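Here the structure is laid out as structure tokens; the discussion comes afterwards.
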Amino acid sequence: MNINELLEESRGGILALAKKHGIIGMTITGSDDGCEVFDNGAFEFLVEFAPDASRSTREEFQRELLGLLGRYVELASAEDLDGHLRRIIIKESIPE
């Protein structure tokens, strides 16, 4: 199964986990197909947590995504990114 098929098959589960953990917005960042996949097979998600989300909420969401996708998942929020890089990634993440 290729990356896009895995993501499409897991879409409902990913959205359910996002809702469960109070994710306000989420984008899979990176390459032209919308997904960054590292050499180790990890996915990278740019997420926006609810303002009252705790660190344990973030860790639990990451752990549950790992279980769902069977691959390590990197999570980043806009606050985690440096200024210039943040503007570029957020601009690329928002559909026009």
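Starting from 1 in every chain, residues are counted up; chains themselves are A, B, ... following the order of the structure tokens, and ligands are numbered from 1 as listed.
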
For range 67-70 of chain A, find every residue with an atom within 10 Å (counting only C-alpha atoms), except residues of its own chain fewer than 2 positions away, and show them as a ChimeraX atom specification. /A:6-7,9-10,13-14,17,41-43,61-65,72-73

Save out the residues we just selected, C-alpha atoms, as a JSON list (two decimals), in the first residue's frame.
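Saved as selection_36.json:
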[["chain", "number", "residue", "atom", "x", "y", "z"],
["A", 6, "LEU", "CA", -2.69, 4.51, 3.61],
["A", 7, "LEU", "CA", -3.76, 8.07, 4.33],
["A", 9, "GLU", "CA", -7.83, 4.42, 4.13],
["A", 10, "SER", "CA", -7.03, 5.98, 7.53],
["A", 13, "GLY", "CA", -9.73, 7.35, 11.89],
["A", 14, "ILE", "CA", -7.40, 10.33, 11.69],
["A", 17, "LEU", "CA", -8.73, 11.10, 16.67],
["A", 41, "GLY", "CA", 8.64, 6.26, 7.09],
["A", 42, "ALA", "CA", 7.40, 8.87, 9.58],
["A", 43, "PHE", "CA", 4.62, 11.32, 8.73],
["A", 61, "PHE", "CA", -2.80, 12.08, 19.97],
["A", 62, "GLN", "CA", 0.66, 11.30, 18.61],
["A", 63, "ARG", "CA", 0.62, 7.84, 20.21],
["A", 64, "GLU", "CA", -2.84, 7.03, 18.83],
["A", 65, "LEU", "CA", -1.83, 8.19, 15.32],
["A", 72, "TYR", "CA", 6.00, 7.30, 13.64],
["A", 73, "VAL", "CA", 4.26, 10.66, 13.48]]

For Val47 in chain A, which residue out of A:Met1, A:Glu59, A:Ser77, A:Lys19 is the nearest one, using only C-alpha atoms?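 Between A:Met1, A:Glu59, A:Ser77, A:Lys19, the residue approaching Val47 in chain A most closely is A:Ser77.
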
Figure out the distance between CA of Glu60 in chain A and CA of Asn2 in chain A, please, to one decimal in Å. 25.7 Å

Find, counting only C-alpha atoms, the residue in A:Ile3, A:Leu66, A:Ala50, A:Leu75 that gets nearest to Ile23 in chain A.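 Among A:Ile3, A:Leu66, A:Ala50, A:Leu75, it is A:Ala50 that comes nearest to Ile23 in chain A.
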
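CA of Glu79 in chain A is positioned 18.1 Å from CA of His21 in chain A.
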